[in-house]
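Listing of start_29.tsv, TSV, C-alpha atoms
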chain	number	residue	atom	x	y	z
A	470	MET	CA	96.14	103.30	109.27
A	471	LYS	CA	98.75	106.07	109.01
A	472	THR	CA	97.75	109.62	108.25
A	473	ASP	CA	99.40	111.33	105.29
A	474	ALA	CA	101.44	113.41	107.73
A	475	GLN	CA	102.70	110.29	109.52
A	476	LEU	CA	103.50	108.62	106.23
A	477	ARG	CA	105.44	111.64	105.01
A	478	LYS	CA	107.45	111.64	108.24
A	479	ASP	CA	108.28	107.93	107.82
A	480	VAL	CA	109.28	108.32	104.17
A	481	LEU	CA	111.57	111.24	105.01
A	482	ALA	CA	113.15	109.20	107.80
A	483	GLU	CA	113.73	106.23	105.47
A	484	LEU	CA	115.29	108.45	102.81
A	485	GLU	CA	117.62	109.96	105.42
A	486	TRP	CA	118.45	106.47	106.74
A	487	ASP	CA	119.58	105.17	103.34
A	488	PRO	CA	123.24	106.17	102.75
A	489	ALA	CA	122.79	105.89	98.97
A	490	ILE	CA	120.46	108.91	98.98
A	491	ASN	CA	121.08	112.60	99.60
A	492	ALA	CA	117.71	113.19	101.26
A	493	THR	CA	118.19	116.97	101.33
A	494	HIS	CA	117.64	116.96	97.56
A	495	VAL	CA	114.33	115.08	97.70
A	496	GLY	CA	110.96	116.66	98.35
A	497	VAL	CA	108.17	114.44	99.71
A	498	ALA	CA	104.42	115.05	99.41
A	499	VAL	CA	101.70	112.56	100.37
A	500	GLN	CA	98.03	112.46	99.45
A	501	ASP	CA	95.75	109.54	100.24
A	502	GLY	CA	98.73	107.25	100.76
A	503	VAL	CA	100.36	108.08	97.39
A	504	VAL	CA	103.85	109.53	97.77
A	505	THR	CA	105.24	112.06	95.29
A	506	LEU	CA	109.00	112.46	95.21
A	507	SER	CA	110.41	115.61	93.60
A	508	GLY	CA	113.78	117.28	93.25
A	509	HIS	CA	117.09	116.89	91.45
A	510	LEU	CA	119.55	114.05	92.06
A	511	ALA	CA	123.13	113.55	90.95
A	512	THR	CA	122.79	110.01	89.51
A	513	PHE	CA	120.13	107.71	88.12
A	514	ALA	CA	121.19	105.11	90.69
A	515	GLU	CA	120.22	107.53	93.46
A	516	LYS	CA	116.78	108.01	91.84
A	517	VAL	CA	116.25	104.25	91.86
A	518	ALA	CA	117.40	104.06	95.48
A	519	ALA	CA	114.91	106.78	96.47
A	520	GLU	CA	112.05	104.91	94.83
A	521	ARG	CA	113.00	101.64	96.53
A	522	ALA	CA	113.37	103.30	99.93
A	523	THR	CA	109.91	104.85	99.62
A	524	LYS	CA	108.31	101.54	98.69
A	525	ARG	CA	109.79	99.93	101.79
A	526	VAL	CA	107.72	102.13	104.07
A	527	ALA	CA	104.57	100.49	105.41
A	528	GLY	CA	101.42	102.33	104.38
A	529	VAL	CA	102.67	103.55	100.99
A	530	ARG	CA	99.99	102.81	98.40
A	531	GLY	CA	101.77	104.24	95.37
A	532	VAL	CA	104.73	106.34	94.27
A	533	ALA	CA	104.88	109.18	91.75
A	534	LEU	CA	108.40	110.06	90.61
A	535	GLU	CA	109.02	113.68	89.69
A	536	LEU	CA	112.76	113.38	90.26
A	537	ASP	CA	115.17	114.73	87.67
A	538	VAL	CA	118.72	113.49	87.25
A	539	LYS	CA	121.21	116.33	86.89
A	540	VAL	CA	124.53	114.55	86.60
A	541	ALA	CA	127.16	115.97	88.91
A	542	PRO	CA	130.41	117.05	87.21
A	543	HIS	CA	132.41	114.19	88.74
A	544	HIS	CA	129.89	111.67	87.32
A	545	ALA	CA	129.65	113.27	83.88
A	546	LEU	CA	130.47	111.01	80.94
A	547	SER	CA	130.12	111.39	77.19
A	548	ASP	CA	127.62	109.19	75.36
A	549	ALA	CA	130.54	107.22	73.93
A	550	GLU	CA	131.91	106.58	77.42
A	551	ILE	CA	128.49	105.50	78.68
A	552	ALA	CA	128.09	103.16	75.69
A	553	ALA	CA	131.46	101.58	76.42
A	554	ALA	CA	130.53	101.11	80.06
A	555	VAL	CA	127.18	99.51	79.13
A	556	GLN	CA	128.91	97.14	76.72
A	557	ALA	CA	131.41	96.11	79.40
A	558	ALA	CA	128.65	95.64	82.01
A	559	PHE	CA	126.75	93.31	79.68
A	560	LYS	CA	129.89	91.40	78.72
A	561	TRP	CA	130.75	90.52	82.31
A	562	HIS	CA	127.21	89.83	83.52
A	563	ALA	CA	126.65	86.07	83.39
A	564	LEU	CA	122.84	86.33	83.27
A	565	ILE	CA	122.56	88.81	80.39
A	566	PRO	CA	122.66	87.32	76.85
A	567	GLU	CA	124.68	90.18	75.35
A	568	ASP	CA	124.14	88.94	71.80
A	569	ARG	CA	120.37	89.48	72.21
A	570	VAL	CA	120.38	92.82	74.01
A	571	HIS	CA	121.14	96.03	72.11
A	572	PHE	CA	121.35	99.63	73.24
A	573	THR	CA	121.67	103.22	72.13
A	574	VAL	CA	122.82	106.22	74.17
A	575	GLU	CA	121.65	109.76	73.50
A	576	LYS	CA	122.31	112.68	75.84
A	577	GLY	CA	122.76	110.31	78.75
A	578	TRP	CA	119.56	108.34	78.08
A	579	VAL	CA	120.05	104.63	77.44
A	580	THR	CA	117.48	102.77	75.32
A	581	LEU	CA	117.55	98.97	75.56
A	582	THR	CA	116.13	96.79	72.78
A	583	GLY	CA	116.28	93.14	71.76
A	584	ALA	CA	114.58	89.87	72.64
A	585	VAL	CA	115.30	87.55	75.57
A	586	ASP	CA	113.76	84.36	76.93
A	587	TRP	CA	113.09	85.33	80.54
A	588	PRO	CA	111.91	88.45	82.41
A	589	HIS	CA	114.92	88.35	84.76
A	590	GLN	CA	117.21	88.88	81.76
A	591	ARG	CA	115.32	92.02	80.80
A	592	HIS	CA	115.42	93.18	84.43
A	593	ASP	CA	119.12	92.37	84.87
A	594	ALA	CA	120.00	94.39	81.77
A	595	GLU	CA	118.26	97.45	83.20
A	596	VAL	CA	119.84	97.02	86.64
A	597	ALA	CA	123.30	96.73	85.06
A	598	VAL	CA	122.84	100.16	83.44
A	599	GLN	CA	121.39	101.89	86.52
A	600	ALA	CA	124.69	102.07	88.36
A	601	ILE	CA	126.69	103.57	85.49
A	602	GLY	CA	127.74	107.16	86.11
A	603	GLY	CA	126.42	109.72	83.63
A	604	VAL	CA	123.20	107.83	82.91
A	605	ARG	CA	120.19	110.18	83.14
A	606	GLY	CA	117.46	107.68	82.35
A	607	ILE	CA	116.63	104.26	80.90
A	608	ALA	CA	114.00	103.12	78.42
A	609	ASN	CA	113.73	99.34	78.62
A	610	ASN	CA	112.18	98.19	75.33
A	611	ILE	CA	113.51	94.63	75.52
A	612	HIS	CA	110.72	92.17	74.75
A	613	LEU	CA	110.30	88.49	75.55
A	614	ARG	CA	110.47	85.80	72.91
A	615	LYS	CA	107.21	84.02	72.23
A	616	ARG	CA	106.89	80.80	74.23
A	617	GLU	CA	104.09	78.31	74.69
A	618	THR	CA	101.90	78.99	77.72
A	619	PRO	CA	101.06	75.81	79.70
A	620	ASP	CA	97.40	75.12	80.50
A	621	ASP	CA	98.12	75.05	84.25
A	622	VAL	CA	100.06	78.32	84.36
A	623	ALA	CA	97.50	80.05	86.64
A	624	HIS	CA	97.77	77.19	89.14
A	625	ARG	CA	101.56	77.34	89.02
A	626	ILE	CA	101.51	81.09	89.70
A	627	HIS	CA	99.26	80.51	92.71
A	628	GLU	CA	101.70	77.90	93.99
A	629	ALA	CA	104.55	80.41	93.66
A	630	LEU	CA	102.51	83.02	95.54
A	631	ALA	CA	101.91	80.54	98.35
A	632	ARG	CA	105.65	79.85	98.61
A	633	TYR	CA	106.42	83.56	98.86
A	634	ALA	CA	103.56	84.72	101.07
A	635	ASP	CA	100.98	82.12	102.00
A	636	ASP	CA	98.56	84.55	103.66
A	637	GLU	CA	98.52	86.95	100.70
A	638	ALA	CA	98.05	84.17	98.14
A	639	THR	CA	94.48	83.49	99.28
A	640	HIS	CA	93.53	87.11	98.48
A	641	ILE	CA	94.95	87.18	94.95
A	642	GLU	CA	93.00	86.28	91.82
A	643	VAL	CA	95.07	85.12	88.83
A	644	ARG	CA	93.54	85.31	85.36
A	645	VAL	CA	95.39	84.07	82.28
A	646	ASP	CA	94.39	85.06	78.76
A	647	GLY	CA	96.86	83.70	76.23
A	648	ASP	CA	100.23	85.18	77.13
A	649	THR	CA	98.78	87.81	79.49
A	650	VAL	CA	98.28	87.54	83.25
A	651	THR	CA	95.99	89.83	85.23
A	652	LEU	CA	96.42	89.94	89.00
A	653	ARG	CA	93.65	91.26	91.26
A	654	GLY	CA	93.14	91.41	95.01
A	655	THR	CA	94.55	93.25	98.00
A	656	VAL	CA	97.78	93.19	100.01
A	657	HIS	CA	98.93	94.97	103.16
A	658	SER	CA	101.96	96.85	101.80
A	659	TRP	CA	103.70	98.07	98.66
A	660	ALA	CA	106.44	95.52	99.29
A	661	GLU	CA	103.86	92.70	99.14
A	662	HIS	CA	102.51	94.27	95.94
A	663	GLY	CA	105.94	93.76	94.37
A	664	VAL	CA	106.21	90.20	95.69
A	665	VAL	CA	102.95	89.27	93.97
A	666	GLN	CA	104.18	90.50	90.60
A	667	HIS	CA	107.58	88.87	91.10
A	668	ALA	CA	105.86	85.53	91.68
A	669	ALA	CA	104.06	85.73	88.34
A	670	TRP	CA	106.93	86.77	86.06
A	671	PRO	CA	108.81	83.43	85.90
A	672	ALA	CA	105.72	81.68	84.49
A	673	PRO	CA	106.60	80.20	81.08
A	674	GLY	CA	105.02	81.83	78.06
A	675	ILE	CA	103.89	84.99	79.85
A	676	GLN	CA	104.58	88.23	77.95
A	677	ARG	CA	102.58	90.79	79.92
A	678	ILE	CA	101.37	91.23	83.49
A	679	PHE	CA	98.66	93.64	84.53
A	680	ASN	CA	99.06	94.09	88.26
A	681	GLU	CA	95.74	95.41	89.52
A	682	VAL	CA	96.42	94.38	93.11
A	683	ARG	CA	95.55	97.15	95.58
A	684	VAL	CA	97.31	98.06	98.77
A	685	LYS	CA	94.82	98.12	101.67
A	686	ASP	CA	93.98	101.47	103.22

Have the structure of the file written as structure tokens, please.
Amino acid sequence: MKTDAQLRKDVLAELEWDPAINATHVGVAVQDGVVTLSGHLATFAEKVAAERATKRVAGVRGVALELDVKVAPHHALSDAEIAAAVQAAFKWHALIPEDRVHFTVEKGWVTLTGAVDWPHQRHDAEVAVQAIGGVRGIANNIHLRKRETPDDVAHRIHEALARYADDEATHIEVRVDGDTVTLRGTVHSWAEHGVVQHAAWPAPGIQRIFNEVRVKD
């Protein structure tokens, strides 16, 4: 098990290794395996990259983001320009049903609304906005359309877990209550934590997932 000092050193190294991040602008603190990132970054995309880089590091049990986006002058766009860029991104993205996803832009913050059939569509819409210059933050309020939940959905989620990570699947409990899935158990890393949730999202009829899986000390 890594000490907090070792974990901080590894997170700093990973942030410096990722060319998408200006690591000199990111402060790193670690307590009991939970990493807090602080500072000011030039784009929202860089904030996302910093979060992802941190979660790649073995031993990270959680991440607290205290990063602000202060858009650099060469990335600055008006709300109208951001809105036009979002509209174009949705239009050319084959997996986003643009007629079902709506958005508003206010002071660089993009709020997404609407209803889609699958979680990946909601995710893809958010990812499409992340890379747009001038964006300071995203509120993803897109919800999923109501679908029938099959009786064997818990079994099908377990099968998906086994395909992704057979060893971890035996340590995960899947409970289904209507359109809600609760995941419990333990995994060895934050990356595996994300894999578990990713395995559950494609299940038909599922609207919410409570991921209570813990990362082992």

For region 476-489 of chain A, find every residue with an atom within 9 Å (counting all atoms listed in the file), except residues of its own chain fewer than 6 positions away, and show them as JSON, numbers by chain. {"A": [495, 496, 497, 498, 499, 502, 504, 514, 515, 518, 519, 522, 523, 524, 525, 526, 527, 528, 529]}

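The gap separating CA of Pro588 (chain A) from CA of Arg653 (chain A) is 20.5 Å, in Å to one decimal.
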
CA of Thr505 (chain A) to CA of Thr472 (chain A), straight-line distance in Å: 15.2 Å

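Residue nearest Gln500 (chain A) within the list A:Arg591, A:Arg530, A:His544, A:Arg521: A:Arg530 [criterion: smallest interatomic distance, all atoms listed in the file].
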
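The interatomic distance for the pair CA of Val570 (chain A) and CA of Glu595 (chain A) works out to 10.5 Å.
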
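With all atoms listed in the file as the atoms that count, the residue of A:Val538, A:Ile611, A:Ala558, A:Val650 with the shortest distance to Trp587 (chain A) is A:Ile611.
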
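Residue nearest Ile490 (chain A), chosen from A:Thr580, A:Gln556, A:Thr512, A:Asn610 and counting only C-alpha atoms: A:Thr512.
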
Find the residues around Glu642 (chain A) up to 9 Å (only C-alpha atoms counted), leave out those fewer than 5 positions away in its own chain, and share them as a PDB file with C-alpha atoms, in the coordinates of the input.
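What ended up in out_4.pdb:
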ATOM      1  CA  HIS A 627      99.260  80.510  92.710  1.00  0.00           C
ATOM      2  CA  THR A 651      95.990  89.830  85.230  1.00  0.00           C
ATOM      3  CA  LEU A 652      96.420  89.940  89.000  1.00  0.00           C
ATOM      4  CA  ARG A 653      93.650  91.260  91.260  1.00  0.00           C
ATOM      5  CA  GLY A 654      93.140  91.410  95.010  1.00  0.00           C
ATOM      6  CA  VAL A 682      96.420  94.380  93.110  1.00  0.00           C
TER       7      VAL A 682
END

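Of the residues listed (A:Met470, A:Val656, A:Ala557, A:Ala668), A:Ala668 shows the shortest atom-to-atom separation from His589 (chain A); distances use all atoms listed in the file.
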
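In terms of minimum interatomic distance to His571 (chain A), A:Gly583 ranks closest within A:Gly647, A:Gly602, A:Pro619, A:Gly583, counting only C-alpha atoms.
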
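Among the candidates A:Trp561, A:Val596, A:Leu534, A:Gly674, the one nearest to Glu617 (chain A) when counting all atoms listed in the file is A:Gly674.
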
Using only C-alpha atoms and a cutoff of 10 Å, can you tell me which residues are near (110.5, 80.9, 80.4) in the file's coordinates, and write them out as a PyMOL selection string? chain A and resi 585-589+613-618+670-676

Quick one: everything within 12 Å of Leu581 (chain A), counting only C-alpha atoms, minus sequence neighbours fewer than 5 positions away in the same chain. Send it as a list in words. Ala552, Val555, Gln556, Phe559, Glu567, Arg569, Val570, His571, Phe572, Thr573, Val574, Glu575, Gln590, Arg591, His592, Asp593, Ala594, Glu595, Val596, Ala597, Val598, Gln599, Gly606, Ile607, Ala608, Asn609, Asn610, Ile611 and His612 of chain A
